[in-house]
file query07.pdb (PDB, C-alpha atoms)
ATOM      1  CA  ALA N   1    -132.963 -60.120 -56.224
ATOM      2  CA  ASN N   2    -133.820 -59.135 -59.790
ATOM      3  CA  GLU N   3    -133.411 -60.665 -63.244
ATOM      4  CA  HIS N   4    -129.707 -59.804 -63.282
ATOM      5  CA  PHE N   5    -128.684 -60.050 -59.643
ATOM      6  CA  VAL N   6    -129.198 -62.415 -56.718
ATOM      7  CA  SER N   7    -127.474 -62.082 -53.355
ATOM      8  CA  VAL N   8    -128.016 -63.428 -49.851
ATOM      9  CA  VAL N   9    -126.723 -61.248 -47.022
ATOM     10  CA  LYS N  10    -126.529 -62.350 -43.392
ATOM     11  CA  LEU N  11    -127.676 -59.570 -41.078
ATOM     12  CA  PRO N  12    -127.192 -59.110 -37.321
ATOM     13  CA  ILE N  13    -130.882 -58.172 -36.965
ATOM     14  CA  PRO N  14    -134.112 -60.142 -37.441
ATOM     15  CA  LEU N  15    -136.413 -58.914 -40.190
ATOM     16  CA  LYS N  16    -140.004 -59.741 -41.037
ATOM     17  CA  GLU N  17    -140.342 -61.771 -44.215
ATOM     18  CA  GLU N  18    -141.896 -59.722 -47.021
ATOM     19  CA  VAL N  19    -142.238 -59.916 -50.768
ATOM     20  CA  ILE N  20    -142.041 -56.520 -52.494
ATOM     21  CA  ILE N  21    -142.942 -56.242 -56.165
ATOM     22  CA  GLY N  22    -141.218 -53.276 -57.773
ATOM     23  CA  THR N  23    -138.211 -51.969 -59.627
ATOM     24  CA  ASN N  24    -136.155 -51.108 -56.528
ATOM     25  CA  PHE N  25    -134.981 -52.926 -53.415
ATOM     26  CA  ASP N  26    -136.943 -52.060 -50.271
ATOM     27  CA  ILE N  27    -134.314 -51.081 -47.711
ATOM     28  CA  ARG N  28    -136.728 -49.390 -45.297
ATOM     29  CA  PRO N  29    -136.687 -52.219 -42.707
ATOM     30  CA  LEU N  30    -132.892 -52.058 -42.589
ATOM     31  CA  ILE N  31    -132.861 -48.289 -42.098
ATOM     32  CA  LYS N  32    -135.582 -48.410 -39.444
ATOM     33  CA  THR N  33    -133.917 -51.099 -37.390
ATOM     34  CA  GLU N  34    -130.529 -49.406 -37.501
ATOM     35  CA  GLN N  35    -131.949 -45.990 -36.567
ATOM     36  CA  GLN N  36    -134.124 -47.327 -33.781
ATOM     37  CA  ASN N  37    -130.893 -48.551 -32.175
ATOM     38  CA  GLU N  38    -132.277 -51.991 -31.551
ATOM     39  CA  TYR N  39    -128.696 -53.168 -31.752
ATOM     40  CA  TYR N  40    -126.060 -51.796 -29.381
ATOM     41  CA  TYR N  41    -123.016 -52.729 -27.309
ATOM     42  CA  ILE N  42    -122.436 -52.700 -23.578
ATOM     43  CA  LEU N  43    -118.871 -52.536 -22.308
ATOM     44  CA  SER N  44    -118.357 -53.299 -18.623
ATOM     45  CA  VAL N  45    -115.145 -51.555 -17.568
ATOM     46  CA  SER N  46    -113.082 -52.116 -14.427
ATOM     47  CA  ARG N  47    -109.417 -52.292 -13.519
ATOM     48  CA  GLN N  48    -109.625 -56.091 -13.350
ATOM     49  CA  LYS N  49    -111.818 -57.115 -16.270
ATOM     50  CA  ILE N  50    -113.573 -55.775 -19.355
ATOM     51  CA  ARG N  51    -116.685 -57.466 -20.750
ATOM     52  CA  LEU N  52    -118.264 -56.837 -24.156
ATOM     53  CA  ILE N  53    -121.944 -57.645 -24.688
ATOM     54  CA  GLU N  54    -123.908 -57.369 -27.917
ATOM     55  CA  VAL N  55    -127.552 -56.457 -27.392
ATOM     56  CA  LEU N  56    -130.555 -56.645 -29.699
ATOM     57  CA  SER N  57    -133.957 -55.276 -28.691
ATOM     58  CA  ASN N  58    -132.888 -55.056 -25.049
ATOM     59  CA  ARG N  59    -131.946 -58.705 -24.809
ATOM     60  CA  ALA N  60    -128.447 -60.089 -24.910
ATOM     61  CA  VAL N  61    -127.497 -61.557 -28.244
ATOM     62  CA  VAL N  62    -124.191 -62.763 -26.919
ATOM     63  CA  GLU N  63    -121.483 -61.891 -24.470
ATOM     64  CA  ILE N  64    -118.239 -62.049 -26.399
ATOM     65  CA  ASN N  65    -116.250 -64.946 -25.021
ATOM     66  CA  ASN N  66    -113.136 -65.558 -27.085
ATOM     67  CA  GLU N  67    -109.467 -64.620 -27.201
ATOM     68  CA  ASP N  68    -110.434 -60.917 -27.037
ATOM     69  CA  PHE N  69    -113.101 -60.683 -24.340
ATOM     70  CA  PRO N  70    -113.522 -60.883 -21.440
ATOM     71  CA  TYR N  71    -110.213 -59.049 -21.306
ATOM     72  CA  GLU N  72    -108.654 -59.593 -17.903
ATOM     73  CA  ASN N  73    -105.830 -57.600 -16.403
ATOM     74  CA  THR N  74    -103.044 -60.141 -16.041
ATOM     75  CA  ASP N  75    -100.129 -57.861 -16.923
ATOM     76  CA  TYR N  76    -100.808 -54.269 -15.911
ATOM     77  CA  TYR N  77    -100.337 -54.368 -12.167
ATOM     78  CA  THR N  78     -97.546 -54.420  -9.603
ATOM     79  CA  THR N  79     -96.926 -56.011  -6.240
ATOM     80  CA  ASP N  80     -94.062 -53.655  -5.416
ATOM     81  CA  PRO N  81     -95.103 -51.948  -2.142
ATOM     82  CA  ILE N  82     -93.256 -48.754  -3.059
ATOM     83  CA  LYS N  83     -94.850 -48.438  -6.514
ATOM     84  CA  LEU N  84     -98.260 -49.279  -5.057
ATOM     85  CA  ARG N  85     -98.069 -45.967  -3.206
ATOM     86  CA  GLN N  86     -97.357 -44.073  -6.432
ATOM     87  CA  ASP N  87    -100.751 -43.077  -7.809
ATOM     88  CA  VAL N  88     -99.385 -41.838 -11.133
ATOM     89  CA  PHE N  89     -97.573 -45.117 -11.760
ATOM     90  CA  ILE N  90    -100.700 -47.190 -10.979
ATOM     91  CA  ASP N  91    -102.905 -44.947 -13.118
ATOM     92  CA  ASN N  92    -100.536 -45.267 -16.074
ATOM     93  CA  LEU N  93    -100.680 -49.063 -15.803
ATOM     94  CA  ILE N  94    -104.465 -48.945 -15.887
ATOM     95  CA  LYS N  95    -104.430 -46.630 -18.881
ATOM     96  CA  GLU N  96    -102.176 -49.071 -20.748
ATOM     97  CA  PHE N  97    -104.627 -51.851 -19.935
ATOM     98  CA  PHE N  98    -107.517 -49.765 -21.229
ATOM     99  CA  ASN N  99    -105.614 -48.765 -24.345
ATOM    100  CA  ASP N 100    -105.081 -52.417 -25.244
ATOM    101  CA  ALA N 101    -108.759 -53.126 -24.568
ATOM    102  CA  ASP N 102    -109.808 -50.302 -26.897
ATOM    103  CA  LYS N 103    -107.712 -51.802 -29.683
ATOM    104  CA  LEU N 104    -109.624 -55.057 -29.251
ATOM    105  CA  LEU N 105    -112.951 -53.209 -29.146
ATOM    106  CA  ARG N 106    -112.205 -51.475 -32.429
ATOM    107  CA  ASN N 107    -112.214 -54.837 -34.228
ATOM    108  CA  TYR N 108    -115.939 -55.023 -33.462
ATOM    109  CA  ILE N 109    -117.120 -51.431 -33.824
ATOM    110  CA  ILE N 110    -115.326 -50.865 -37.122
ATOM    111  CA  THR N 111    -117.443 -53.619 -38.654
ATOM    112  CA  ASN N 112    -120.663 -52.727 -36.808
ATOM    113  CA  PRO N 113    -120.510 -49.156 -35.429
ATOM    114  CA  TYR N 114    -123.486 -49.345 -33.090
ATOM    115  CA  PRO N 115    -124.089 -47.202 -29.968
ATOM    116  CA  LEU N 116    -121.950 -48.075 -26.970
ATOM    117  CA  VAL N 117    -122.987 -47.966 -23.303
ATOM    118  CA  LEU N 118    -120.089 -47.924 -20.833
ATOM    119  CA  MET N 119    -120.611 -49.387 -17.366
ATOM    120  CA  GLY N 120    -118.141 -48.958 -14.520
ATOM    121  CA  ASP N 121    -116.965 -46.568 -11.828
ATOM    122  CA  THR N 122    -116.513 -42.958 -12.915
ATOM    123  CA  LYS N 123    -112.708 -42.946 -12.739
ATOM    124  CA  SER N 124    -112.278 -46.167 -14.731
ATOM    125  CA  VAL N 125    -114.738 -45.088 -17.417
ATOM    126  CA  SER N 126    -113.077 -41.664 -17.637
ATOM    127  CA  TYR N 127    -109.675 -43.293 -18.130
ATOM    128  CA  PHE N 128    -111.076 -45.712 -20.697
ATOM    129  CA  VAL N 129    -112.723 -42.944 -22.750
ATOM    130  CA  GLU N 130    -109.431 -41.047 -22.627
ATOM    131  CA  GLN N 131    -107.755 -43.997 -24.363
ATOM    132  CA  MET N 132    -110.438 -44.502 -27.026
ATOM    133  CA  ASP N 133    -109.601 -43.672 -30.624
ATOM    134  CA  ASP N 134    -113.291 -43.165 -31.465
ATOM    135  CA  LYS N 135    -115.394 -41.668 -28.688
ATOM    136  CA  SER N 136    -118.362 -40.793 -30.908
ATOM    137  CA  LEU N 137    -120.211 -44.073 -30.337
ATOM    138  CA  VAL N 138    -120.393 -43.668 -26.549
ATOM    139  CA  VAL N 139    -123.967 -42.708 -25.672
ATOM    140  CA  SER N 140    -124.040 -43.192 -21.909
ATOM    141  CA  HIS N 141    -122.094 -44.056 -18.768
ATOM    142  CA  ILE N 142    -123.662 -46.126 -15.993
ATOM    143  CA  GLU N 143    -121.998 -46.111 -12.583
ATOM    144  CA  GLY N 144    -121.173 -49.380 -10.811
ATOM    145  CA  ASN N 145    -119.133 -52.548 -10.968
ATOM    146  CA  TYR N 146    -120.484 -55.260 -13.272
ATOM    147  CA  ASP N 147    -117.519 -57.646 -13.416
ATOM    148  CA  ASN N 148    -119.643 -60.582 -12.285
ATOM    149  CA  ALA N 149    -123.185 -59.319 -12.832
ATOM    150  CA  PRO N 150    -125.559 -61.628 -14.751
ATOM    151  CA  LEU N 151    -126.507 -60.554 -18.251
ATOM    152  CA  HIS N 152    -130.172 -59.898 -17.473
ATOM    153  CA  GLU N 153    -129.166 -57.441 -14.749
ATOM    154  CA  ILE N 154    -126.783 -55.606 -17.065
ATOM    155  CA  ILE N 155    -129.426 -55.337 -19.807
ATOM    156  CA  ASN N 156    -132.064 -54.023 -17.387
ATOM    157  CA  VAL N 157    -129.678 -51.385 -16.073
ATOM    158  CA  ALA N 158    -128.640 -50.266 -19.567
ATOM    159  CA  LYS N 159    -132.137 -50.139 -21.089
ATOM    160  CA  PRO N 160    -133.159 -46.692 -19.744
ATOM    161  CA  ALA N 161    -129.918 -45.175 -21.063
ATOM    162  CA  ILE N 162    -130.599 -46.444 -24.577
ATOM    163  CA  GLU N 163    -134.231 -45.294 -24.456
ATOM    164  CA  LYS N 164    -133.069 -41.808 -23.429
ATOM    165  CA  PHE N 165    -130.536 -41.777 -26.244
ATOM    166  CA  LYS N 166    -133.260 -42.660 -28.752
ATOM    167  CA  GLN N 167    -135.562 -39.943 -27.422
ATOM    168  CA  ASP N 168    -132.776 -37.363 -27.516
ATOM    169  CA  LYS N 169    -132.180 -38.201 -31.180
ATOM    170  CA  GLN N 170    -135.888 -37.754 -31.936
ATOM    171  CA  ASN N 171    -135.812 -34.349 -30.230
ATOM    172  CA  GLU N 172    -132.723 -33.398 -32.207
ATOM    173  CA  TYR N 173    -134.508 -34.193 -35.473
ATOM    174  CA  GLN N 174    -137.511 -32.119 -34.407
ATOM    175  CA  ASN N 175    -135.168 -29.170 -33.907
ATOM    176  CA  ILE N 176    -133.786 -29.692 -37.429
ATOM    177  CA  ILE N 177    -137.314 -29.551 -38.845
ATOM    178  CA  GLY N 178    -138.045 -26.409 -36.844
ATOM    179  CA  ALA N 179    -134.897 -24.733 -38.127
ATOM    180  CA  ALA N 180    -135.791 -25.674 -41.715
ATOM    181  CA  ILE N 181    -139.189 -23.993 -41.316
ATOM    182  CA  SER N 182    -137.583 -20.740 -40.236
ATOM    183  CA  GLN N 183    -135.142 -20.948 -43.171
ATOM    184  CA  ASN N 184    -137.903 -21.753 -45.672
ATOM    185  CA  LEU N 185    -136.240 -25.077 -46.504
ATOM    186  CA  LEU N 186    -139.062 -27.429 -45.529
ATOM    187  CA  ILE N 187    -141.168 -29.221 -48.145
ATOM    188  CA  THR N 188    -144.466 -30.895 -47.256
ATOM    189  CA  ASP N 189    -146.112 -31.381 -50.656
ATOM    190  CA  ILE N 190    -145.578 -34.985 -51.761
ATOM    191  CA  ASP N 191    -145.142 -34.153 -55.458
ATOM    192  CA  GLU N 192    -142.552 -31.497 -54.657
ATOM    193  CA  ILE N 193    -140.785 -33.907 -52.295
ATOM    194  CA  TYR N 194    -140.511 -36.431 -55.112
ATOM    195  CA  ASN N 195    -139.304 -33.963 -57.733
ATOM    196  CA  GLN N 196    -136.821 -32.211 -55.458
ATOM    197  CA  SER N 197    -135.408 -35.568 -54.329
ATOM    198  CA  LYS N 198    -135.078 -36.671 -57.935
ATOM    199  CA  ASP N 199    -133.212 -33.450 -58.747
ATOM    200  CA  GLY N 200    -130.746 -34.027 -55.912
ATOM    201  CA  ASN N 201    -131.996 -31.240 -53.646
ATOM    202  CA  ALA N 202    -132.877 -33.468 -50.680
ATOM    203  CA  ASP N 203    -130.789 -32.926 -47.579
ATOM    204  CA  THR N 204    -132.930 -35.020 -45.215
ATOM    205  CA  LEU N 205    -136.146 -36.955 -45.766
ATOM    206  CA  PHE N 206    -138.154 -37.561 -42.584
ATOM    207  CA  ILE N 207    -140.710 -40.390 -42.656
ATOM    208  CA  GLY N 208    -143.064 -41.738 -39.996
ATOM    209  CA  THR N 209    -142.099 -45.207 -38.834
ATOM    210  CA  ASN N 210    -145.351 -46.731 -40.072
ATOM    211  CA  TYR N 211    -145.939 -44.370 -42.983
ATOM    212  CA  SER N 212    -146.510 -45.728 -46.466
ATOM    213  CA  LEU N 213    -147.921 -44.233 -49.651
ATOM    214  CA  ARG N 214    -149.433 -46.546 -52.222
ATOM    215  CA  GLY N 215    -149.669 -45.153 -55.697
ATOM    216  CA  THR N 216    -147.946 -44.472 -58.981
ATOM    217  CA  ILE N 217    -145.683 -41.736 -60.311
ATOM    218  CA  ASP N 218    -146.382 -40.366 -63.797
ATOM    219  CA  ASP N 219    -143.909 -38.870 -66.255
ATOM    220  CA  GLU N 220    -144.580 -35.376 -64.937
ATOM    221  CA  GLY N 221    -143.554 -36.342 -61.418
ATOM    222  CA  HIS N 222    -147.095 -36.384 -60.063
ATOM    223  CA  ILE N 223    -147.996 -39.051 -57.520
ATOM    224  CA  GLU N 224    -151.394 -40.619 -57.974
ATOM    225  CA  ILE N 225    -152.444 -42.197 -54.689
ATOM    226  CA  ASP N 226    -154.005 -45.658 -54.998
ATOM    227  CA  ASN N 227    -154.912 -47.703 -51.930
ATOM    228  CA  SER N 228    -156.730 -50.434 -53.849
ATOM    229  CA  GLU N 229    -155.886 -54.097 -53.303
ATOM    230  CA  GLU N 230    -155.701 -57.052 -55.613
ATOM    231  CA  ASN N 231    -156.175 -60.460 -54.000
ATOM    232  CA  GLY N 232    -155.249 -58.930 -50.659
ATOM    233  CA  LEU N 233    -151.985 -57.472 -51.988
ATOM    234  CA  THR N 234    -151.069 -53.822 -52.413
ATOM    235  CA  PHE N 235    -148.345 -52.588 -54.727
ATOM    236  CA  ASN N 236    -146.133 -49.606 -55.493
ATOM    237  CA  ASP N 237    -145.256 -47.964 -52.218
ATOM    238  CA  VAL N 238    -143.728 -44.808 -53.633
ATOM    239  CA  THR N 239    -141.670 -44.156 -50.507
ATOM    240  CA  ILE N 240    -139.281 -46.826 -51.835
ATOM    241  CA  GLU N 241    -138.643 -44.600 -54.853
ATOM    242  CA  LEU N 242    -138.311 -41.499 -52.680
ATOM    243  CA  ILE N 243    -135.719 -43.152 -50.488
ATOM    244  CA  ARG N 244    -133.787 -44.374 -53.512
ATOM    245  CA  ASN N 245    -133.708 -40.827 -54.921
ATOM    246  CA  VAL N 246    -132.458 -39.344 -51.653
ATOM    247  CA  TYR N 247    -129.725 -41.930 -51.147
ATOM    248  CA  SER N 248    -128.662 -41.752 -54.778
ATOM    249  CA  ASN N 249    -127.896 -38.066 -54.267
ATOM    250  CA  SER N 250    -126.097 -38.456 -50.901
ATOM    251  CA  GLY N 251    -129.050 -37.304 -48.820
ATOM    252  CA  LYS N 252    -130.222 -38.699 -45.486
ATOM    253  CA  VAL N 253    -133.360 -40.655 -44.618
ATOM    254  CA  ILE N 254    -134.611 -40.521 -41.021
ATOM    255  CA  PHE N 255    -137.538 -42.469 -39.586
ATOM    256  CA  LEU N 256    -139.341 -40.679 -36.746
ATOM    257  CA  ASN N 257    -142.108 -41.693 -34.375
ATOM    258  CA  ASP N 258    -145.395 -41.244 -36.223
ATOM    259  CA  ASP N 259    -146.791 -38.729 -33.716
ATOM    260  CA  LEU N 260    -143.904 -36.344 -34.400
ATOM    261  CA  LEU N 261    -144.964 -36.022 -38.044
ATOM    262  CA  THR N 262    -148.734 -35.788 -37.569
ATOM    263  CA  ASP N 263    -148.746 -32.130 -38.665
ATOM    264  CA  TYR N 264    -146.998 -33.127 -41.899
ATOM    265  CA  LYS N 265    -149.180 -36.140 -42.743
ATOM    266  CA  GLY N 266    -146.308 -38.527 -42.102
ATOM    267  CA  ILE N 267    -143.601 -37.259 -44.417
ATOM    268  CA  VAL N 268    -141.552 -34.081 -44.839
ATOM    269  CA  MET N 269    -138.278 -33.121 -46.468
ATOM    270  CA  VAL N 270    -135.556 -30.587 -45.701
ATOM    271  CA  LYS N 271    -134.055 -29.334 -48.947
ATOM    272  CA  ARG N 272    -130.510 -28.173 -49.483
ATOM    273  CA  TYR N 273    -131.305 -24.780 -51.017
TER
END

call {"tool": "encode", "arguments": {"input": "query07.pdb", "output": "structure tokens"}}
result
Amino acid sequence: ANEHFVSVVKLPIPLKEEVIIGTNFDIRPLIKTEQQNEYYYILSVSRQKIRLIEVLSNRAVVEINNEDFPYENTDYYTTDPIKLRQDVFIDNLIKEFFNDADKLLRNYIITNPYPLVLMGDTKSVSYFVEQMDDKSLVVSHIEGNYDNAPLHEIINVAKPAIEKFKQDKQNEYQNIIGAAISQNLLITDIDEIYNQSKDGNADTLFIGTNYSLRGTIDDEGHIEIDNSEENGLTFNDVTIELIRNVYSNSGKVIFLNDDLLTDYKGIVMVKRY
């Protein structure tokens, strides 16, 4: 909210209540939660039934139970003994079933495109992925049949896959930083980070998950660090301004584990040129 604008937005993630005094909205908690992949989907796939589960922080938020899911195969099968011996015919029926299921799934991932873990036997999952219009959200496949498995079992099985996905992303970002060093595109000085971001030269800003920088920015673009408190409150975290600059110029902001940015004092930027 500000003097001209007030809005209440319902989010699919819990956030800690905070009051930030400043000229810009603090969107860091939203970015962190989204990037840490606290929210993801699990799709249990079999030839008989498809279940969709929404997960937050490795606990089930809800298993979708409506006219869409669970999606049971009541149409794509045959009892004809001759056709039952025709593998191609049976496989095509299953693919039609999966194609319809993917259309239903899209109604959810278009609105909230979170990572997707597929669970099922290798052949069924392979056929399902073949029918998907958007395969980019699939982060892992877990073997097995989970048609009737309890939610807590499904979550426990999926958790390591999501943790590996998160770690792989962290490693990928480290490689980007390493490449920027070799190309002389990495900025570590906080004043230069601010000025380059303001000028639209920020490709990616990397920030430690718990990093903050209290201070003020003068007219020359110099950041004066100030960790003082007034009545137990601290003000002017300049990372809010940095993030606003980067996003305003179509750059990216990535939060990394703090230990990965120790050598850079918690913040570093890859510039465009």

call {"tool": "atom_distance", "arguments": {"input": "query07.pdb", "atom1": "CA of Gln86 (chain N)", "atom2": "CA of Phe98 (chain N)"}}
result
18.8 Å

call {"tool": "residues_around", "arguments": {"input": "query07.pdb", "residues": "Glu54 (chain N)", "least_positions_apart": "5", "cutoff": "8 Å", "atoms": "all atoms listed in the file", "output": "number ranges by chain"}}
result
N: 39-42, 60-64

call {"tool": "write_last_selection", "arguments": {"input": "query07.pdb", "atoms": "C-alpha atoms", "output": "CSV table (one decimal), in the coordinates of the input"}}
result
chain,number,residue,atom,x,y,z
N,39,TYR,CA,-128.7,-53.2,-31.8
N,40,TYR,CA,-126.1,-51.8,-29.4
N,41,TYR,CA,-123.0,-52.7,-27.3
N,42,ILE,CA,-122.4,-52.7,-23.6
N,60,ALA,CA,-128.4,-60.1,-24.9
N,61,VAL,CA,-127.5,-61.6,-28.2
N,62,VAL,CA,-124.2,-62.8,-26.9
N,63,GLU,CA,-121.5,-61.9,-24.5
N,64,ILE,CA,-118.2,-62.0,-26.4

call {"tool": "resolve_selection", "arguments": {"input": "query07.pdb", "expression": "the PyMOL selection byres ((chain N and resi 158-166) around 12)", "output": "PDB file with C-alpha atoms, in the frame of the given file"}}
result
ATOM      1  CA  GLU N  34    -130.529 -49.406 -37.501  1.00  0.00           C
ATOM      2  CA  GLN N  35    -131.949 -45.990 -36.567  1.00  0.00           C
ATOM      3  CA  GLN N  36    -134.124 -47.327 -33.781  1.00  0.00           C
ATOM      4  CA  ASN N  37    -130.893 -48.551 -32.175  1.00  0.00           C
ATOM      5  CA  GLU N  38    -132.277 -51.991 -31.551  1.00  0.00           C
ATOM      6  CA  TYR N  39    -128.696 -53.168 -31.752  1.00  0.00           C
ATOM      7  CA  TYR N  40    -126.060 -51.796 -29.381  1.00  0.00           C
ATOM      8  CA  TYR N  41    -123.016 -52.729 -27.309  1.00  0.00           C
ATOM      9  CA  ILE N  42    -122.436 -52.700 -23.578  1.00  0.00           C
ATOM     10  CA  LEU N  43    -118.871 -52.536 -22.308  1.00  0.00           C
ATOM     11  CA  SER N  44    -118.357 -53.299 -18.623  1.00  0.00           C
ATOM     12  CA  ILE N  53    -121.944 -57.645 -24.688  1.00  0.00           C
ATOM     13  CA  GLU N  54    -123.908 -57.369 -27.917  1.00  0.00           C
ATOM     14  CA  VAL N  55    -127.552 -56.457 -27.392  1.00  0.00           C
ATOM     15  CA  LEU N  56    -130.555 -56.645 -29.699  1.00  0.00           C
ATOM     16  CA  SER N  57    -133.957 -55.276 -28.691  1.00  0.00           C
ATOM     17  CA  ASN N  58    -132.888 -55.056 -25.049  1.00  0.00           C
ATOM     18  CA  ARG N  59    -131.946 -58.705 -24.809  1.00  0.00           C
ATOM     19  CA  ALA N  60    -128.447 -60.089 -24.910  1.00  0.00           C
ATOM     20  CA  TYR N 114    -123.486 -49.345 -33.090  1.00  0.00           C
ATOM     21  CA  PRO N 115    -124.089 -47.202 -29.968  1.00  0.00           C
ATOM     22  CA  LEU N 116    -121.950 -48.075 -26.970  1.00  0.00           C
ATOM     23  CA  VAL N 117    -122.987 -47.966 -23.303  1.00  0.00           C
ATOM     24  CA  LEU N 118    -120.089 -47.924 -20.833  1.00  0.00           C
ATOM     25  CA  MET N 119    -120.611 -49.387 -17.366  1.00  0.00           C
ATOM     26  CA  GLY N 120    -118.141 -48.958 -14.520  1.00  0.00           C
ATOM     27  CA  LEU N 137    -120.211 -44.073 -30.337  1.00  0.00           C
ATOM     28  CA  VAL N 138    -120.393 -43.668 -26.549  1.00  0.00           C
ATOM     29  CA  VAL N 139    -123.967 -42.708 -25.672  1.00  0.00           C
ATOM     30  CA  SER N 140    -124.040 -43.192 -21.909  1.00  0.00           C
ATOM     31  CA  HIS N 141    -122.094 -44.056 -18.768  1.00  0.00           C
ATOM     32  CA  ILE N 142    -123.662 -46.126 -15.993  1.00  0.00           C
ATOM     33  CA  GLU N 143    -121.998 -46.111 -12.583  1.00  0.00           C
ATOM     34  CA  GLY N 144    -121.173 -49.380 -10.811  1.00  0.00           C
ATOM     35  CA  TYR N 146    -120.484 -55.260 -13.272  1.00  0.00           C
ATOM     36  CA  LEU N 151    -126.507 -60.554 -18.251  1.00  0.00           C
ATOM     37  CA  HIS N 152    -130.172 -59.898 -17.473  1.00  0.00           C
ATOM     38  CA  GLU N 153    -129.166 -57.441 -14.749  1.00  0.00           C
ATOM     39  CA  ILE N 154    -126.783 -55.606 -17.065  1.00  0.00           C
ATOM     40  CA  ILE N 155    -129.426 -55.337 -19.807  1.00  0.00           C
ATOM     41  CA  ASN N 156    -132.064 -54.023 -17.387  1.00  0.00           C
ATOM     42  CA  VAL N 157    -129.678 -51.385 -16.073  1.00  0.00           C
ATOM     43  CA  GLN N 167    -135.562 -39.943 -27.422  1.00  0.00           C
ATOM     44  CA  ASP N 168    -132.776 -37.363 -27.516  1.00  0.00           C
ATOM     45  CA  LYS N 169    -132.180 -38.201 -31.180  1.00  0.00           C
ATOM     46  CA  GLN N 170    -135.888 -37.754 -31.936  1.00  0.00           C
ATOM     47  CA  ASN N 171    -135.812 -34.349 -30.230  1.00  0.00           C
ATOM     48  CA  GLU N 172    -132.723 -33.398 -32.207  1.00  0.00           C
ATOM     49  CA  TYR N 173    -134.508 -34.193 -35.473  1.00  0.00           C
ATOM     50  CA  PHE N 255    -137.538 -42.469 -39.586  1.00  0.00           C
ATOM     51  CA  LEU N 256    -139.341 -40.679 -36.746  1.00  0.00           C
ATOM     52  CA  ASN N 257    -142.108 -41.693 -34.375  1.00  0.00           C
TER      53      ASN N 257
END

call {"tool": "residues_around", "arguments": {"input": "query07.pdb", "residues": "Glu96 (chain N)", "least_positions_apart": "2", "cutoff": "12 Å", "atoms": "all atoms listed in the file", "output": "MDAnalysis selection string"}}
result
chainID N and resid 47 73 75:77 89:94 98:103 127:128 130:132

call {"tool": "residues_around", "arguments": {"input": "query07.pdb", "residues": "Thr262 (chain N)", "least_positions_apart": "5", "cutoff": "12 Å", "atoms": "all atoms listed in the file", "output": "number ranges by chain"}}
result
N: 188, 206-211, 256-257, 267-268

call {"tool": "write_last_selection", "arguments": {"input": "query07.pdb", "atoms": "C-alpha atoms", "output": "short mmCIF file (atom, residue, chain, number, x, y, z; two decimals), keeping the file's coordinate frame"}}
result
data_model
loop_
_atom_site.label_atom_id
_atom_site.label_comp_id
_atom_site.auth_asym_id
_atom_site.auth_seq_id
_atom_site.Cartn_x
_atom_site.Cartn_y
_atom_site.Cartn_z
CA THR N 188 -144.47 -30.90 -47.26
CA PHE N 206 -138.15 -37.56 -42.58
CA ILE N 207 -140.71 -40.39 -42.66
CA GLY N 208 -143.06 -41.74 -40.00
CA THR N 209 -142.10 -45.21 -38.83
CA ASN N 210 -145.35 -46.73 -40.07
CA TYR N 211 -145.94 -44.37 -42.98
CA LEU N 256 -139.34 -40.68 -36.75
CA ASN N 257 -142.11 -41.69 -34.38
CA ILE N 267 -143.60 -37.26 -44.42
CA VAL N 268 -141.55 -34.08 -44.84
#

call {"tool": "residues_around", "arguments": {"input": "query07.pdb", "residues": "Lys198 (chain N)", "least_positions_apart": "3", "cutoff": "9 Å", "atoms": "only C-alpha atoms", "output": "PyMOL selection string"}}
result
chain N and resi 193-195+201-202+242+244-246+248-249

call {"tool": "axis_aligned_box", "arguments": {"input": "query07.pdb", "around": "region 41-54 of chain N", "padding_each_side": "8 Å", "output": "JSON"}}
result
{"center_x": -116.7, "center_y": -54.6, "center_z": -20.6, "size_x": 30.5, "size_y": 22.1, "size_z": 30.6}

call {"tool": "atom_distance", "arguments": {"input": "query07.pdb", "atom1": "CA of Tyr247 (chain N)", "atom2": "CA of Lys32 (chain N)"}}
result
14.6 Å

call {"tool": "residues_around", "arguments": {"input": "query07.pdb", "residues": "His222 (chain N)", "least_positions_apart": "4", "cutoff": "8 Å", "atoms": "only C-alpha atoms", "output": "PyMOL selection string"}}
result
chain N and resi 191+217-218

call {"tool": "decode", "arguments": {"input": "query07.pdb", "residues": "region 215-219 of chain N", "atoms": "N, CA, C and O atoms", "output": "PDB file, in the first residue's frame"}}
result
ATOM      1  N   GLY N 215      21.120   1.111   4.828  1.00  0.00           N
ATOM      2  CA  GLY N 215      21.851   2.328   4.524  1.00  0.00           C
ATOM      3  C   GLY N 215      21.037   3.277   3.683  1.00  0.00           C
ATOM      4  O   GLY N 215      19.813   3.117   3.529  1.00  0.00           O
ATOM      5  N   THR N 216      21.723   4.240   3.102  1.00  0.00           N
ATOM      6  CA  THR N 216      21.080   5.241   2.258  1.00  0.00           C
ATOM      7  C   THR N 216      21.877   5.395   0.967  1.00  0.00           C
ATOM      8  O   THR N 216      23.073   5.074   0.907  1.00  0.00           O
ATOM      9  N   ILE N 217      21.212   5.903  -0.053  1.00  0.00           N
ATOM     10  CA  ILE N 217      21.846   6.115  -1.352  1.00  0.00           C
ATOM     11  C   ILE N 217      21.820   7.616  -1.642  1.00  0.00           C
ATOM     12  O   ILE N 217      20.742   8.236  -1.646  1.00  0.00           O
ATOM     13  N   ASP N 218      22.997   8.214  -1.876  1.00  0.00           N
ATOM     14  CA  ASP N 218      23.019   9.654  -2.131  1.00  0.00           C
ATOM     15  C   ASP N 218      22.812   9.939  -3.617  1.00  0.00           C
ATOM     16  O   ASP N 218      22.666   9.019  -4.438  1.00  0.00           O
ATOM     17  N   ASP N 219      22.830  11.209  -3.971  1.00  0.00           N
ATOM     18  CA  ASP N 219      22.551  11.612  -5.348  1.00  0.00           C
ATOM     19  C   ASP N 219      23.625  11.161  -6.328  1.00  0.00           C
ATOM     20  O   ASP N 219      23.391  11.104  -7.539  1.00  0.00           O
TER      21      ASP N 219
END
